[in-house]
Amino acid sequence: MSKSQIMVIDDEKIVCDMSKLSLEQSGYEVETFLSAEPALERLKEKKFDIIVTDYKMKGLDGMDVLKTVKKLYPDTKVIMITAFANLETAIEALRSDVHDFFPKPVKIKELKASIERALHA
Amino acid sequence: MKVEHRIILSNFFNIIVLIIVIFFAIQNLNLVLTKLKFIQIADDLNASFLEIRLTEKNYFLYRNKMNLYDILNKIREIRYSIDNVRDDIIKAVGEDNFKILNKNLNDYTNVIALISEIEETKINNNQTETSIREAGKKLREFSEQITRLERTNTNELIMKSQKILLYSFWIIFLSSIVISHLISKKILLSLKLIQKLTLSISEGNFKTIENVDCDQECNSVIKAINFMSNELKNREEQLIQSKKLASIGVMTAGVAHELTNPLNNISMLAQTYIELYDNLSKDDRINFMSKVEAETDRMKEIVKNFLDFSKPKKPQLEQIDINTVIQKAIKLMQNMLYISNIETQLKLNENLPLTFIDRNQIQQVLVNLITNAVQAMTKNGKLIIVSDLDENKKYIKITITDTGKGIPPELLQHIFDPFFSTKGEGGTGLGLSVSHGIIKSHNGDITVKSEVGKGTTFTIRLPIYTKIEGSKTDE
């Protein structure tokens, strides 16, 4: 059975690195990007099962990623994480077809559980 | 010395001068009156002498001894009147001249008496005539001479009095001018200082005047103004601090976001560290912990910046590059800009000269203006900050431009007024007023241009100082 493909987009390098280490440990194949633009370029070449993206980023943000992903691969699940968590952002994210929404600091176990749920949904 | 005392003293001086002048004028007037009285007496004497001379001529024509008796009677009358006004005559012509007059009168009386006692036939006509005529002539000439002299003296006296009055007028007039000038000079000088001070206070420079050499009244006014200036300075510092606290409220959201990221990083490092612990080499573990350390430093820096900004600070001038202040303000506001999706463009002239400014106060102004700009813009707005030299190279110019909703022209003229806000209940109405005060206290100026729907540009001009409290470089 081939490994599930996960893309992580966050402008914090540690988030990318730690997610990659932990998720690879759990048997996923992970690619990380520090901004949305190169990630969207990569998406044109390769389909991912799950995309974990930061909500607020310089340039294109998490919502822009969501829109493009849904256009290219409607069945790919998007999980959003954000440092700027308030009710408004949560509602906006969940209304727009986001699979799950995590405020920072993120619990990796919960993230992994969410990824598992998304893969088997 | 009090101004009041000076005025009293100068009036006292003028009154003394006036009393002296009046005293001399009265003295002169009395003298003139005495002289005039004497001239009157002298005129009467001259008339009597003329009469005697006429009787004398009659005697020589008709040889009537009765004429001689008439003359002697006349002389007696004259003596009687002279004795009556003896003192007045002495006062007017002096003791010596009075004696000469008496002697002449005696000589004449003696000659007349001698002739009247000699028999007619024995009289040597020629000799008698000559001696009488000579004595009479002498008497009349002396009397006329004295009268003439006294007229001249009286005229001179009147002229002298006229001159004294004229000189006194000028002395009093000039002394009044000099004294008023001396009194008013210091007052005017102090008033000029006070005027300068109040002007500078009205422009937001809360300076004081120290060690001014001026009158007691003026000193108390300066003391009161200094007190007012110090009070205003304290109030302004309080106002700046209260505005700062208001800015902190706005900044908190940004700071919270900024802290969440390193916090999340530490959390993820810890979780992964635990998860992978057995598979990590010693170097990996050290690497993990170094990253944790670096992230805590990052948090420390964020908290330090925030505390630095919020702490009340004493005004302090230091020679610095204004661009560092702009960058620090941007750093403080970075997350707020980031959250609001605002693109920031910095166009800083890197060759700006250093200048003396209060770093914290100018940073406060920039934070106020950036906060206003962010609040005026919807998402995806653009903030442009430019630093450059002014056209005349005497000022550093900072412009802060936003692409926000703009300010209507009718409100534009009030935006630097205290408690005027375009944000409704959301604003204190102090931000721009405080900013205006800070820039004015740096001897600079702050102006605004705005177009509804397009955006607003604030322009700050700060003079380039190379010395504290000093003059501009090229002055």
# chains A, B, ... in the order shown; residues from 1 in each chain; ligands from 1
call {"tool": "residues_around", "arguments": {"residues": "Met251 in chain B", "least_positions_apart": "2", "cutoff": "10 Å", "atoms": "only C-alpha atoms", "output": "NGL selection string"}}
result
:B and (245-249 or 253-256 or 306 or 332-336 or 367 or 371)
call {"tool": "write_last_selection", "arguments": {"atoms": "N, CA, C and O atoms", "output": "mmCIF file, in the first residue's frame"}}
result
data_model
loop_
_atom_site.group_PDB
_atom_site.id
_atom_site.type_symbol
_atom_site.label_atom_id
_atom_site.label_comp_id
_atom_site.auth_asym_id
_atom_site.auth_seq_id
_atom_site.Cartn_x
_atom_site.Cartn_y
_atom_site.Cartn_z
ATOM 1 N N LEU B 245 -0.964 54.106 26.240
ATOM 2 C CA LEU B 245 -1.738 52.988 26.788
ATOM 3 C C LEU B 245 -2.862 52.617 25.825
ATOM 4 O O LEU B 245 -3.179 51.439 25.648
ATOM 5 N N ALA B 246 -3.450 53.665 25.175
ATOM 6 C CA ALA B 246 -4.512 53.396 24.203
ATOM 7 C C ALA B 246 -3.934 52.630 23.010
ATOM 8 O O ALA B 246 -4.550 51.677 22.512
ATOM 9 N N SER B 247 -2.709 53.030 22.569
ATOM 10 C CA SER B 247 -2.066 52.329 21.448
ATOM 11 C C SER B 247 -1.789 50.882 21.827
ATOM 12 O O SER B 247 -1.909 49.986 21.004
ATOM 13 N N ILE B 248 -1.425 50.674 23.092
ATOM 14 C CA ILE B 248 -1.106 49.316 23.545
ATOM 15 C C ILE B 248 -2.313 48.407 23.361
ATOM 16 O O ILE B 248 -2.178 47.264 22.925
ATOM 17 N N GLY B 249 -3.504 48.948 23.655
ATOM 18 C CA GLY B 249 -4.722 48.166 23.462
ATOM 19 C C GLY B 249 -4.837 47.672 22.040
ATOM 20 O O GLY B 249 -5.125 46.499 21.783
ATOM 21 N N ALA B 253 -3.495 42.757 20.103
ATOM 22 C CA ALA B 253 -3.894 41.688 19.189
ATOM 23 C C ALA B 253 -2.683 41.213 18.381
ATOM 24 O O ALA B 253 -2.432 40.007 18.262
ATOM 25 N N GLY B 254 -1.937 42.177 17.892
ATOM 26 C CA GLY B 254 -0.755 41.854 17.098
ATOM 27 C C GLY B 254 0.287 41.114 17.928
ATOM 28 O O GLY B 254 0.876 40.145 17.480
ATOM 29 N N VAL B 255 0.489 41.592 19.174
ATOM 30 C CA VAL B 255 1.492 40.977 20.040
ATOM 31 C C VAL B 255 1.087 39.537 20.371
ATOM 32 O O VAL B 255 1.919 38.628 20.351
ATOM 33 N N ALA B 256 -0.195 39.340 20.625
ATOM 34 C CA ALA B 256 -0.690 38.000 20.959
ATOM 35 C C ALA B 256 -0.389 37.039 19.813
ATOM 36 O O ALA B 256 0.124 35.938 20.027
ATOM 37 N N PHE B 306 7.545 45.292 23.470
ATOM 38 C CA PHE B 306 6.226 45.736 23.908
ATOM 39 C C PHE B 306 6.332 46.511 25.220
ATOM 40 O O PHE B 306 5.748 47.580 25.382
ATOM 41 N N LEU B 332 7.111 47.020 15.725
ATOM 42 C CA LEU B 332 6.064 46.957 16.752
ATOM 43 C C LEU B 332 4.685 46.715 16.135
ATOM 44 O O LEU B 332 3.837 46.049 16.717
ATOM 45 N N MET B 333 4.489 47.287 14.949
ATOM 46 C CA MET B 333 3.165 47.230 14.319
ATOM 47 C C MET B 333 3.073 46.104 13.294
ATOM 48 O O MET B 333 2.026 45.930 12.672
ATOM 49 N N GLN B 334 4.164 45.383 13.113
ATOM 50 C CA GLN B 334 4.259 44.388 12.047
ATOM 51 C C GLN B 334 3.081 43.417 12.022
ATOM 52 O O GLN B 334 2.473 43.188 10.987
ATOM 53 N N ASN B 335 2.783 42.899 13.197
ATOM 54 C CA ASN B 335 1.739 41.893 13.237
ATOM 55 C C ASN B 335 0.359 42.468 13.009
ATOM 56 O O ASN B 335 -0.500 41.810 12.436
ATOM 57 N N MET B 336 0.177 43.691 13.468
ATOM 58 C CA MET B 336 -1.106 44.337 13.227
ATOM 59 C C MET B 336 -1.289 44.535 11.715
ATOM 60 O O MET B 336 -2.371 44.315 11.170
ATOM 61 N N VAL B 367 3.849 55.236 15.618
ATOM 62 C CA VAL B 367 2.883 54.181 15.974
ATOM 63 C C VAL B 367 1.453 54.730 15.855
ATOM 64 O O VAL B 367 0.571 54.080 15.296
ATOM 65 N N THR B 371 -1.146 53.245 13.251
ATOM 66 C CA THR B 371 -2.414 52.697 13.773
ATOM 67 C C THR B 371 -3.594 53.339 13.036
ATOM 68 O O THR B 371 -4.519 52.654 12.599
#
call {"tool": "select_by_dssp", "arguments": {"residues": "range 173-238 of chain B", "states": "helix (DSSP H, G or I)", "output": "number ranges by chain"}}
result
B: 173-202, 216-238
call {"tool": "select_by_dssp", "arguments": {"residues": "chain A", "states": "strand (DSSP E or B)", "output": "list in words"}}
result
Gln5, Ile6, Met7, Val8, Ile9, Glu29, Val30, Glu31, Thr32, Phe33, Ile50, Ile51, Val52, Thr53, Asp54, Lys77, Val78, Ile79, Met80, Ile81, Thr82, Asp100, Phe101, Phe102 and Pro103 of chain A
call {"tool": "interface_residues", "arguments": {"of": "chain A", "to": "chain B", "cutoff": "9 Å", "atoms": "only C-alpha atoms", "output": "list in words"}}
result
Glu12, Lys13, Ile14, Val15, Met18, Ser19, Leu21, Ser22, Gln25, Lys56, Met57, Lys58, Gly59, Thr82, Ala83, Phe84, Ala85, Lys104, Pro105, Val106, Lys107, Ile108 and Lys109 of chain A
call {"tool": "closest_residue", "arguments": {"among": "B:Glu117, B:Glu144, B:Glu391, B:Asp88", "to": "Lys65 in chain B", "atoms": "only C-alpha atoms"}}
result
B:Glu117
call {"tool": "atom_distance", "arguments": {"atom1": "CA of Ile91 in chain A", "atom2": "CA of Asn380 in chain B"}}
result
20.8 Å
call {"tool": "atom_distance", "arguments": {"atom1": "CA of Thr459 in chain B", "atom2": "CA of Ile370 in chain B"}}
result
12.4 Å
call {"tool": "residues_around", "arguments": {"residues": "range 7-9 of chain A", "least_positions_apart": "5", "cutoff": "9 Å", "atoms": "only C-alpha atoms", "output": "MDAnalysis selection string"}}
result
chainID A and resid 15:16 19:20 29:36 39 48:54 62
call {"tool": "atom_distance", "arguments": {"atom1": "CA of Asp417 in chain B", "atom2": "CA of Met228 in chain B"}}
result
20.6 Å
call {"tool": "closest_residue", "arguments": {"among": "B:Glu56, B:Ile460, B:Leu317, B:Lys99", "to": "Val111 in chain B", "atoms": "only C-alpha atoms"}}
result
B:Glu56
call {"tool": "residues_around", "arguments": {"residues": "Asp100 in chain A", "least_positions_apart": "4", "cutoff": "9 Å", "atoms": "only C-alpha atoms", "output": "compact mmCIF listing (two decimals) with N, CA and C atoms, in the first residue's frame"}}
result
# COMPACT_ATOMS: atom_id res chain seq x y z
N LYS A 77 -8.40 16.87 1.10
CA LYS A 77 -8.87 17.52 2.33
C LYS A 77 -7.86 18.59 2.78
N VAL A 78 -8.40 19.71 3.23
CA VAL A 78 -7.53 20.80 3.71
C VAL A 78 -7.74 20.99 5.21
N ILE A 79 -6.64 20.97 5.95
CA ILE A 79 -6.69 21.25 7.39
C ILE A 79 -5.99 22.60 7.62
N MET A 80 -6.68 23.48 8.34
CA MET A 80 -6.16 24.85 8.52
C MET A 80 -5.62 25.02 9.95
N ILE A 81 -4.44 25.61 10.07
CA ILE A 81 -3.96 25.97 11.42
C ILE A 81 -3.70 27.49 11.45
N ALA A 93 -13.53 29.71 8.08
CA ALA A 93 -12.80 28.55 7.60
C ALA A 93 -13.71 27.33 7.45
N LEU A 94 -14.52 27.10 8.49
CA LEU A 94 -15.36 25.90 8.47
C LEU A 94 -16.47 25.99 7.43
N SER A 114 -6.77 13.96 13.24
CA SER A 114 -7.61 14.65 12.24
C SER A 114 -7.25 14.18 10.83
N ILE A 115 -5.91 13.99 10.60
CA ILE A 115 -5.45 13.52 9.29
C ILE A 115 -6.01 12.11 9.03
N ALA A 118 -9.57 12.29 8.15
CA ALA A 118 -9.74 12.84 6.80
C ALA A 118 -9.45 11.77 5.74
